[in-house]
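Novice: Pasting my_file_20.cif here (mmCIF, C-alpha atoms):
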data_query
#
loop_
_atom_site.label_atom_id
_atom_site.label_comp_id
_atom_site.auth_asym_id
_atom_site.auth_seq_id
_atom_site.Cartn_x
_atom_site.Cartn_y
_atom_site.Cartn_z
CA MET A 1 -37.21 -22.86 20.02
CA SER A 2 -38.39 -19.53 18.62
CA SER A 3 -35.81 -16.77 18.48
CA PRO A 4 -35.26 -14.26 19.95
CA ALA A 5 -36.87 -15.32 23.23
CA LEU A 6 -39.83 -13.18 24.27
CA ALA A 7 -40.50 -12.26 27.89
CA ASN A 8 -42.32 -14.96 29.87
CA GLU A 9 -46.00 -14.34 30.41
CA SER A 10 -47.89 -15.27 33.59
CA ALA A 11 -49.52 -18.70 33.82
CA VAL A 12 -52.93 -17.07 34.28
CA ASP A 13 -52.53 -15.09 31.06
CA ASN A 14 -51.06 -18.04 29.15
CA TYR A 15 -53.83 -20.37 30.32
CA ARG A 16 -56.49 -17.87 29.26
CA THR A 17 -54.94 -17.33 25.84
CA TYR A 18 -53.96 -20.84 24.78
CA CYS A 19 -55.78 -23.36 26.97
CA THR A 20 -59.32 -22.06 27.48
CA GLN A 21 -60.21 -22.49 23.78
CA CYS A 22 -60.55 -26.24 24.52
CA HIS A 23 -60.30 -26.64 28.29
CA GLY A 24 -62.85 -23.91 28.96
CA LEU A 25 -62.95 -20.48 30.57
CA GLN A 26 -63.23 -22.24 33.92
CA GLY A 27 -60.78 -25.04 33.12
CA ASN A 28 -63.57 -27.61 33.26
CA GLY A 29 -62.90 -29.22 29.88
CA LYS A 30 -65.86 -27.49 28.24
CA GLY A 31 -64.25 -24.94 25.97
CA VAL A 32 -65.89 -23.29 22.98
CA ASN A 33 -64.22 -25.84 20.69
CA VAL A 34 -65.59 -29.05 22.25
CA ARG A 35 -68.91 -29.33 20.37
CA ASP A 36 -67.57 -31.50 17.52
CA MET A 37 -64.62 -33.19 19.24
CA SER A 38 -64.34 -36.98 19.08
CA VAL A 39 -62.48 -36.94 22.43
CA GLN A 40 -63.28 -34.42 25.15
CA PRO A 41 -60.51 -32.28 26.68
CA ARG A 42 -59.39 -32.98 30.25
CA ASP A 43 -61.34 -31.26 33.01
CA HIS A 44 -58.55 -29.54 34.94
CA THR A 45 -60.84 -29.02 37.92
CA ASP A 46 -61.32 -32.80 38.29
CA ALA A 47 -59.11 -33.51 41.30
CA LYS A 48 -59.36 -37.29 41.00
CA ALA A 49 -58.21 -37.35 37.38
CA MET A 50 -55.53 -34.71 37.88
CA ALA A 51 -54.12 -36.36 41.01
CA GLY A 52 -53.37 -39.39 38.84
CA ARG A 53 -50.98 -37.38 36.64
CA SER A 54 -47.44 -36.50 37.66
CA ASP A 55 -46.08 -32.98 37.09
CA ASP A 56 -43.66 -34.57 34.61
CA ASP A 57 -46.57 -35.97 32.59
CA LEU A 58 -48.32 -32.61 32.61
CA PHE A 59 -45.12 -30.86 31.51
CA LYS A 60 -44.66 -33.41 28.73
CA VAL A 61 -48.18 -33.22 27.35
CA ILE A 62 -48.10 -29.43 27.21
CA LYS A 63 -44.71 -29.32 25.51
CA GLU A 64 -45.03 -32.31 23.16
CA GLY A 65 -48.78 -32.81 22.69
CA GLY A 66 -51.33 -35.48 23.52
CA LEU A 67 -49.67 -38.29 21.57
CA ALA A 68 -46.56 -38.00 23.80
CA ILE A 69 -48.51 -39.43 26.75
CA ASP A 70 -50.75 -41.73 24.69
CA LYS A 71 -53.59 -39.23 24.61
CA SER A 72 -55.46 -37.55 21.76
CA VAL A 73 -53.80 -35.70 18.88
CA LEU A 74 -56.42 -33.01 19.48
CA MET A 75 -54.11 -31.72 22.23
CA PRO A 76 -51.35 -29.90 20.30
CA PRO A 77 -47.67 -29.56 21.26
CA TRP A 78 -47.05 -26.09 22.67
CA GLY A 79 -43.26 -26.30 22.84
CA ASP A 80 -42.84 -23.54 20.25
CA THR A 81 -45.30 -21.27 22.06
CA PHE A 82 -43.99 -21.48 25.63
CA SER A 83 -40.59 -21.48 27.29
CA ASP A 84 -39.90 -24.41 29.63
CA GLU A 85 -40.31 -22.01 32.55
CA GLU A 86 -43.75 -21.01 31.34
CA ILE A 87 -44.74 -24.67 31.04
CA HIS A 88 -43.59 -25.39 34.62
CA GLU A 89 -45.69 -22.43 35.79
CA LEU A 90 -48.69 -23.68 33.83
CA VAL A 91 -48.38 -27.06 35.56
CA GLN A 92 -48.45 -25.30 38.94
CA HIS A 93 -51.43 -23.25 37.79
CA MET A 94 -53.26 -26.47 36.91
CA ARG A 95 -52.61 -27.76 40.43
CA THR A 96 -54.49 -24.74 41.77
CA LEU A 97 -57.39 -25.51 39.42
CA CYS A 98 -57.79 -29.04 40.74
CA LYS A 99 -56.65 -28.14 44.26
CA CYS A 100 -54.63 -31.33 44.13
CA LYS A 101 -51.15 -32.75 43.78
CA TYR A 102 -49.84 -35.91 42.14
CA GLY A 103 -51.13 -38.78 44.29
CA LYS A 104 -53.20 -36.53 46.56
CA GLY A 105 -56.68 -35.09 46.23
CA GLY A 106 -60.05 -36.12 44.83
CA MET B 1 -59.51 25.39 -34.14
CA ILE B 2 -56.68 22.89 -33.73
CA ASP B 3 -55.52 24.64 -30.57
CA ALA B 4 -59.03 24.42 -29.16
CA VAL B 5 -59.13 20.69 -29.88
CA LYS B 6 -55.72 20.25 -28.27
CA ILE B 7 -56.83 22.15 -25.20
CA PHE B 8 -60.04 20.14 -25.03
CA LEU B 9 -58.17 16.82 -25.37
CA GLY B 10 -55.61 17.99 -22.86
CA ALA B 11 -58.35 18.83 -20.41
CA LEU B 12 -59.93 15.39 -20.93
CA VAL B 13 -56.62 13.62 -20.23
CA LEU B 14 -56.00 15.77 -17.17
CA SER B 15 -59.47 15.08 -15.79
CA PHE B 16 -59.11 11.29 -16.28
CA SER B 17 -55.72 11.19 -14.62
CA ALA B 18 -57.06 13.39 -11.84
CA LEU B 19 -59.88 10.88 -11.32
CA ALA B 20 -57.38 8.03 -11.32
CA ASN B 21 -55.23 9.85 -8.79
CA VAL B 22 -58.28 10.49 -6.64
CA ALA B 23 -59.08 6.75 -6.69
CA ALA B 24 -55.51 5.83 -5.72
CA ALA B 25 -55.38 8.50 -3.04
CA ASP B 26 -58.71 7.28 -1.68
CA GLY B 27 -57.31 3.78 -1.17
CA ALA B 28 -54.33 4.99 0.83
CA ALA B 29 -56.44 7.57 2.69
CA MET B 30 -59.10 4.99 3.54
CA LEU B 31 -56.48 2.65 4.93
CA LYS B 32 -55.07 5.38 7.11
CA ASP B 33 -58.36 6.96 8.21
CA ASP B 34 -60.59 3.92 8.57
CA CYS B 35 -58.73 0.62 8.51
CA ALA B 36 -55.86 1.55 10.85
CA ALA B 37 -58.27 1.77 13.78
CA CYS B 38 -58.57 -2.04 13.84
CA HIS B 39 -55.74 -3.38 11.68
CA ASN B 40 -51.97 -3.28 12.06
CA LEU B 41 -50.90 -1.81 8.71
CA VAL B 42 -47.26 -1.20 9.51
CA GLY B 43 -45.95 -4.00 11.72
CA PRO B 44 -44.37 -5.60 13.61
CA ALA B 45 -46.74 -8.23 14.99
CA PRO B 46 -47.50 -7.98 18.73
CA VAL B 47 -44.97 -9.61 21.07
CA THR B 48 -46.98 -9.52 24.30
CA LEU B 49 -50.30 -11.15 25.16
CA LYS B 50 -51.86 -7.84 26.20
CA ALA B 51 -51.04 -6.36 22.80
CA MET B 52 -52.37 -9.45 21.04
CA TRP B 53 -55.62 -9.38 23.01
CA GLY B 54 -56.16 -5.79 21.86
CA ARG B 55 -56.24 -6.81 18.20
CA LYS B 56 -59.60 -6.15 16.56
CA GLY B 57 -58.75 -7.51 13.12
CA PRO B 58 -55.93 -9.48 11.49
CA ASP B 59 -52.56 -7.80 10.87
CA LEU B 60 -52.47 -6.39 7.33
CA PHE B 61 -48.86 -5.22 7.04
CA TYR B 62 -48.11 -8.33 4.97
CA ALA B 63 -51.50 -8.52 3.26
CA GLY B 64 -49.91 -8.55 -0.19
CA ASN B 65 -48.09 -11.75 0.70
CA LYS B 66 -51.06 -13.39 2.37
CA TYR B 67 -54.35 -12.63 0.65
CA LYS B 68 -55.69 -13.13 -2.86
CA GLU B 69 -56.60 -9.73 -4.31
CA ALA B 70 -59.79 -10.87 -6.08
CA TRP B 71 -61.08 -12.28 -2.81
CA LEU B 72 -60.27 -9.05 -0.93
CA VAL B 73 -62.25 -7.02 -3.48
CA GLN B 74 -65.24 -9.35 -3.20
CA TRP B 75 -65.15 -9.78 0.60
CA LEU B 76 -64.88 -6.06 1.38
CA GLN B 77 -68.21 -5.61 -0.43
CA LYS B 78 -69.85 -8.53 1.36
CA PRO B 79 -67.91 -9.31 4.54
CA THR B 80 -68.76 -12.78 5.85
CA ARG B 81 -67.63 -13.95 9.29
CA ILE B 82 -64.30 -15.78 9.13
CA ARG B 83 -63.70 -16.20 12.87
CA PRO B 84 -66.79 -17.74 14.51
CA ALA B 85 -65.63 -16.42 17.91
CA GLY B 86 -64.38 -13.07 16.62
CA MET B 87 -61.08 -11.51 17.75
CA PHE B 88 -59.75 -12.10 20.43
CA TYR B 89 -61.79 -15.29 20.87
CA ALA B 90 -61.69 -15.38 24.70
CA ASN B 91 -63.29 -11.91 24.76
CA HIS B 92 -66.35 -13.27 22.94
CA VAL B 93 -66.97 -16.54 24.77
CA LYS B 94 -69.19 -17.13 27.78
CA PRO B 95 -70.07 -20.22 29.81
CA GLY B 96 -73.14 -22.09 28.49
CA ALA B 97 -75.38 -24.99 29.43
CA LYS B 98 -73.24 -27.74 27.85
CA ALA B 99 -70.01 -25.89 27.14
CA ASP B 100 -68.63 -22.40 26.58
CA GLU B 101 -70.49 -20.59 23.81
CA VAL B 102 -69.79 -17.72 21.48
CA ASP B 103 -71.48 -14.57 22.78
CA ALA B 104 -72.80 -13.39 19.43
CA ALA B 105 -73.95 -10.05 20.79
CA THR B 106 -70.32 -9.04 21.37
CA LEU B 107 -69.11 -9.79 17.83
CA THR B 108 -68.32 -6.81 15.60
CA VAL B 109 -69.42 -6.53 11.99
CA HIS B 110 -66.91 -5.44 9.35
CA PRO B 111 -67.76 -2.26 7.41
CA VAL B 112 -69.20 -2.77 3.92
CA LEU B 113 -67.44 -1.05 1.03
CA GLY B 114 -68.75 -0.15 -2.40
CA GLU B 115 -67.07 -1.68 -5.44
CA SER B 116 -64.67 1.13 -6.34
CA ASP B 117 -63.62 1.63 -2.70
CA ALA B 118 -63.09 -2.14 -2.33
CA LYS B 119 -60.85 -2.16 -5.41
CA ALA B 120 -58.89 0.85 -4.18
CA VAL B 121 -58.38 -0.58 -0.70
CA ALA B 122 -57.48 -4.04 -1.99
CA GLY B 123 -54.97 -2.50 -4.39
CA GLU B 124 -53.32 -0.65 -1.53
CA LEU B 125 -53.29 -3.74 0.68
CA MET B 126 -51.57 -5.81 -2.00
CA LYS B 127 -48.65 -3.32 -1.88
CA ARG B 128 -47.97 -4.34 1.70
CA THR B 129 -45.46 -7.13 1.21
CA ALA B 130 -43.55 -7.25 4.48
CA ARG B 131 -41.96 -10.58 5.57
CA GLY B 132 -41.18 -11.60 2.02
CA ASP B 133 -38.19 -13.33 3.63
CA LEU B 134 -40.60 -15.99 4.89
CA ILE B 135 -42.15 -16.78 1.51
CA LYS B 136 -40.72 -18.64 -1.43
CA GLN B 137 -42.58 -18.54 -4.73
CA GLY B 138 -43.52 -22.05 -5.69
CA ASP B 139 -43.20 -23.40 -2.16
CA TYR B 140 -46.62 -24.90 -2.72
CA GLN B 141 -46.42 -27.68 -5.29
CA THR B 142 -49.77 -28.00 -7.01
CA GLY B 143 -51.33 -31.37 -6.39
CA SER B 144 -54.51 -32.96 -5.15
CA ILE B 145 -55.92 -35.16 -2.45
CA ALA B 146 -59.24 -36.99 -2.17
CA LEU B 147 -61.60 -35.06 0.08
CA SER B 148 -62.06 -38.06 2.39
CA MET B 149 -58.29 -38.62 2.75
CA GLY B 150 -57.74 -34.93 3.34
CA GLU B 151 -60.40 -34.83 6.00
CA MET B 152 -58.88 -37.83 7.76
CA LEU B 153 -55.49 -36.09 7.80
CA PHE B 154 -57.05 -32.83 8.96
CA ASP B 155 -59.12 -34.42 11.74
CA LYS B 156 -58.03 -37.85 12.95
CA PHE B 157 -54.33 -37.71 12.16
CA ARG B 158 -53.34 -34.11 12.87
CA GLY B 159 -56.20 -32.79 15.02
CA CYS B 160 -56.75 -29.50 13.19
CA LEU B 161 -60.51 -29.84 13.51
CA ALA B 162 -60.13 -29.04 17.21
CA CYS B 163 -59.93 -25.32 16.45
CA HIS B 164 -61.07 -24.93 12.83
CA GLU B 165 -64.37 -25.45 11.01
CA ILE B 166 -64.31 -27.28 7.68
CA GLU B 167 -67.92 -26.39 6.94
CA ALA B 168 -70.23 -23.83 8.51
CA GLY B 169 -71.15 -25.13 11.95
CA TYR B 170 -68.78 -28.12 12.00
CA GLY B 171 -65.44 -28.02 13.79
CA GLY B 172 -63.73 -25.82 16.34
CA ARG B 173 -64.52 -22.16 16.71
CA SER B 174 -61.52 -20.41 18.24
CA GLY B 175 -59.59 -20.32 14.97
CA PRO B 176 -60.64 -18.97 11.56
CA GLU B 177 -62.88 -21.19 9.47
CA LEU B 178 -60.95 -23.00 6.77
CA TYR B 179 -63.66 -23.84 4.25
CA THR B 180 -62.96 -20.55 2.43
CA ALA B 181 -59.22 -20.53 3.18
CA ALA B 182 -58.21 -21.44 -0.37
CA GLN B 183 -60.25 -18.55 -1.78
CA ARG B 184 -58.80 -16.07 0.72
CA LEU B 185 -55.17 -17.04 1.07
CA GLN B 186 -52.19 -17.47 -1.22
CA GLU B 187 -50.97 -21.08 -1.21
CA ASP B 188 -47.32 -20.17 -0.69
CA TRP B 189 -48.34 -18.17 2.40
CA LEU B 190 -50.32 -21.13 3.76
CA VAL B 191 -47.26 -23.34 3.38
CA SER B 192 -45.07 -20.79 5.15
CA PHE B 193 -47.55 -20.25 7.98
CA LEU B 194 -48.10 -23.96 8.58
CA ARG B 195 -44.34 -24.52 8.77
CA ASN B 196 -43.83 -21.79 11.38
CA PRO B 197 -46.85 -19.81 12.62
CA GLN B 198 -44.75 -18.02 15.23
CA ALA B 199 -42.50 -16.50 12.55
CA TRP B 200 -45.52 -14.53 11.27
CA ASP B 201 -47.17 -13.94 14.61
CA PRO B 202 -45.05 -14.68 17.71
CA LYS B 203 -48.01 -14.84 20.12
CA THR B 204 -50.41 -16.69 17.84
CA PHE B 205 -52.61 -19.33 19.50
CA MET B 206 -51.95 -21.59 16.53
CA PRO B 207 -49.45 -24.23 17.70
CA ASN B 208 -46.48 -25.33 15.62
CA LYS B 209 -47.19 -29.03 15.12
CA HIS B 210 -43.90 -29.70 13.31
CA LEU B 211 -45.71 -31.12 10.31
CA SER B 212 -43.67 -32.92 7.66
CA ASP B 213 -43.33 -31.17 4.30
CA THR B 214 -45.56 -33.87 2.80
CA ASP B 215 -48.29 -33.16 5.35
CA VAL B 216 -48.07 -29.42 4.75
CA GLN B 217 -48.53 -29.89 1.00
CA LYS B 218 -51.39 -32.37 1.52
CA LEU B 219 -53.19 -30.06 3.93
CA VAL B 220 -53.06 -27.24 1.38
CA HIS B 221 -54.34 -29.65 -1.30
CA TYR B 222 -57.18 -30.45 1.11
CA LEU B 223 -58.04 -26.79 1.74
CA ARG B 224 -58.19 -26.23 -2.01
CA ALA B 225 -60.44 -29.27 -2.43
CA LEU B 226 -62.70 -27.93 0.33
CA GLY B 227 -62.93 -24.59 -1.43
CA ALA B 228 -63.80 -26.24 -4.74
CA GLU B 229 -66.53 -28.27 -3.10
CA LYS B 230 -68.20 -25.18 -1.65
CA LYS B 231 -68.91 -23.66 -5.06
#
Can the structure in the file be given as structure tokens, please?
Specialist:
Amino acid sequence: MSSPALANESAVDNYRTYCTQCHGLQGNGKGVNVRDMSVQPRDHTDAKAMAGRSDDDLFKVIKEGGLAIDKSVLMPPWGDTFSDEEIHELVQHMRTLCKCKYGKGG
Amino acid sequence: MIDAVKIFLGALVLSFSALANVAAADGAAMLKDDCAACHNLVGPAPVTLKAMWGRKGPDLFYAGNKYKEAWLVQWLQKPTRIRPAGMFYANHVKPGAKADEVDAATLTVHPVLGESDAKAVAGELMKRTARGDLIKQGDYQTGSIALSMGEMLFDKFRGCLACHEIEAGYGGRSGPELYTAAQRLQEDWLVSFLRNPQAWDPKTFMPNKHLSDTDVQKLVHYLRALGAEKK
């Protein structure tokens, strides 16, 4: 972990800063970086796809990167950028984007 | 007669040193009057997102540890775009037909300096050597990698292509392009930054991928190979 710990930022601000570069301004998986990607980023507004992922999986992929859940290395590990609390809040934020929960929605 | 010559020579020396002092003073004055409006010349790096979003240009308080002086002199006279989506990237992106696009109309253009101003400013910037604690001379061990192997490491194995271009128009756009990185940046700084981006810039949107030391060295070999190819 980075030291000393900085104040937690809101999930909305964190998502805008770190996630939209690939997942898009609207969270639809169409960020400014996708043009030359071999694998496209997840569309976080896709309720069907997102309902198939547990909160634990979402936490893990944010903290440890795509390879940790057998997904693409293009998704980096953000464990040195966010506190665990911030990652939990990001997971909840993603649930508002898909308007879904694990096992429900879409 | 001899006194007159002495006075004349004395006046010549004084006028040359006065010119030299004017050049040096110009560098420091230019930094303060012009560059400080967009660049953090004193530190520390921002520790909140709001402060980071307000950045208009890279932090320069450690420029002497980061940049290559010859490149600074050349670039200040002919500033090319290093960040395809400008700074802060999310402020210059808009939804598009297929995906988000860079909104080119919102990008700012760096001022152009004449040669003597560029030299003066670069000289002043090289004096800014904060965070020397993060750099070790010789951390980069000169070596090489085949371009194709380097590209495989950079793209398929480590995913850096997601955010960085390796040639104009190819690669991600939120981060700085890396095809001129070896011309711009000191190798020891690259090694340090790759090992721990957050140590230089706590809120950076560059992740720490926990690369092995071997990978870090190979990636810098690759960036140097890319730079050589572009000549």
Novice: Against chain A, which residues of chain B fall within 9 Å? For each one I want the closest pair of atoms and the distance in Å (one decimal), counting all atoms listed in the file, rows by chain and increasing residue number, as a tab-separated table.
Specialist:
residue	atom	partner	partner_atom	distance
B:Val47	CA	A:Leu6	CA	7.0
B:Thr48	CA	A:Glu9	CA	7.8
B:Leu49	CA	A:Asp13	CA	7.4
B:Lys50	CA	A:Asp13	CA	8.8
B:Trp53	CA	A:Thr17	CA	8.5
B:Ala85	CA	A:Val32	CA	8.5
B:Phe88	CA	A:Thr17	CA	8.9
B:Tyr89	CA	A:Gln21	CA	7.9
B:Ala90	CA	A:Thr17	CA	7.1
B:Val93	CA	A:Val32	CA	7.1
B:Lys94	CA	A:Leu25	CA	7.6
B:Pro95	CA	A:Leu25	CA	7.2
B:Lys98	CA	A:Lys30	CA	7.4
B:Ala99	CA	A:Lys30	CA	4.6
B:Asp100	CA	A:Val32	CA	4.6
B:Glu101	CA	A:Val32	CA	5.4
B:Val102	CA	A:Val32	CA	7.0
B:Asp155	CA	A:Leu74	CA	8.3
B:Lys156	CA	A:Val73	CA	7.6
B:Phe157	CA	A:Val73	CA	7.0
B:Arg158	CA	A:Val73	CA	6.2
B:Gly159	CA	A:Leu74	CA	4.5
B:Cys160	CA	A:Leu74	CA	7.2
B:Leu161	CA	A:Met37	CA	7.8
B:Ala162	CA	A:Leu74	CA	5.9
B:Cys163	CA	A:Asn33	CA	6.1
B:His164	CA	A:Asn33	CA	8.5
B:Tyr170	CA	A:Asp36	CA	6.6
B:Gly171	CA	A:Asp36	CA	5.5
B:Gly172	CA	A:Asn33	CA	4.4
B:Arg173	CA	A:Asn33	CA	5.4
B:Ser174	CA	A:Gln21	CA	6.1
B:Gln198	CA	A:Ser2	CA	7.4
B:Ala199	CA	A:Ser2	CA	7.9
B:Pro202	CA	A:Thr81	CA	7.9
B:Lys203	CA	A:Thr81	CA	7.2
B:Thr204	CA	A:Thr81	CA	8.1
B:Phe205	CA	A:Tyr18	CA	5.7
B:Met206	CA	A:Tyr18	CA	8.5
B:Pro207	CA	A:Trp78	CA	5.8
B:Asn208	CA	A:Asp80	CA	6.2
B:Lys209	CA	A:Pro77	CA	6.2
B:His210	CA	A:Pro77	CA	8.8
Novice: Using the chain letters and numbers from the file, which residues does the PyMOL selection byres ((chain A and resi 97) around 9) grab, as JSON, numbers by chain?
Specialist: {"A": [26, 27, 28, 44, 45, 46, 47, 92, 93, 94, 95, 96, 98, 99, 100]}
Novice: Taking the file above as input, evaluate the PyMOL selection byres ((chain B and resi 118) around 8) and report the hits as a list of chain:residue names.
Specialist: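 Listing what the PyMOL selection byres ((chain B and resi 118) around 8) selects in the shown file: B:Leu72, B:Val73, B:Gln74, B:Leu76, B:Gln77, B:Leu113, B:Gly114, B:Glu115, B:Ser116, B:Asp117, B:Lys119, B:Ala120, B:Val121, B:Ala122.
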Novice: Hey, can you spit out that residue selection with C-alpha atoms as a PDB file, in the frame of the given file?
Specialist:
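To be explicit, this is the file written out as again09.pdb:
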ATOM      1  CA  LEU B  72     -60.270  -9.050  -0.930  1.00  0.00           C
ATOM      2  CA  VAL B  73     -62.250  -7.020  -3.480  1.00  0.00           C
ATOM      3  CA  GLN B  74     -65.240  -9.350  -3.200  1.00  0.00           C
ATOM      4  CA  LEU B  76     -64.880  -6.060   1.380  1.00  0.00           C
ATOM      5  CA  GLN B  77     -68.210  -5.610  -0.430  1.00  0.00           C
ATOM      6  CA  LEU B 113     -67.440  -1.050   1.030  1.00  0.00           C
ATOM      7  CA  GLY B 114     -68.750  -0.150  -2.400  1.00  0.00           C
ATOM      8  CA  GLU B 115     -67.070  -1.680  -5.440  1.00  0.00           C
ATOM      9  CA  SER B 116     -64.670   1.130  -6.340  1.00  0.00           C
ATOM     10  CA  ASP B 117     -63.620   1.630  -2.700  1.00  0.00           C
ATOM     11  CA  LYS B 119     -60.850  -2.160  -5.410  1.00  0.00           C
ATOM     12  CA  ALA B 120     -58.890   0.850  -4.180  1.00  0.00           C
ATOM     13  CA  VAL B 121     -58.380  -0.580  -0.700  1.00  0.00           C
ATOM     14  CA  ALA B 122     -57.480  -4.040  -1.990  1.00  0.00           C
TER      15      ALA B 122
END
Novice: Given the file shown, determine the residues that the PyMOL selection byres ((chain B and resi 228) around 12) selects; report them as a ChimeraX atom specification.
Specialist: /B:144,146-147,179-183,221-227,229-231
Novice: List the neighbours of Phe59 (chain A) out to 10 Å using all atoms listed in the file; skip same-chain residues closer than 6 positions along the sequence, and give me the result as an MDAnalysis selection string.
Specialist: chainID A and resid 65 79 84 86:92
Novice: As an exercise, work out the distance from CA of Pro58 (chain B) to CA of Gly96 (chain B) in Å and give it to one decimal place.
Specialist: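 So the answer is 27.3 Å.
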Novice: Near Lys101 (chain A), counting only C-alpha atoms, which residues have an atom at most 9 Å away, once you skip same-chain residues fewer than 6 positions from it, shown as a list in words?
Specialist: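 Those residues are Ala47, Met50, Ala51, Gly52, Arg53, Ser54, Asp55 and Arg95 of chain A.
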Novice: What does the distance between CA of Asp133 (chain B) and CA of Val42 (chain B) come to in Å, to one decimal place?
Specialist: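 Calculated distance between CA of Asp133 (chain B) and CA of Val42 (chain B) is 16.2 Å.
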Novice: Quick one: pull the distance between CA of Leu153 (chain B) and CA of Leu67 (chain A), Å, one decimal.
Specialist: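 Answer for the CA of Leu153 (chain B) to CA of Leu67 (chain A) separation: 15.1 Å.
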Novice: Counting all atoms listed in the file, figure out which residue out of B:Gly169, B:Arg184, B:Leu219, B:Thr106 gets nearest to Trp75 (chain B).
Specialist: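 So, comparing all the options, the nearest one is B:Arg184.
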Novice: May I have the protein, DNA and RNA residues with an atom at most 7 Å from (-63.1, -17.3, 13.1), counting only C-alpha atoms in the file's coordinates, returned as a ChimeraX atom specification?
Specialist: /B:81-86,173-177
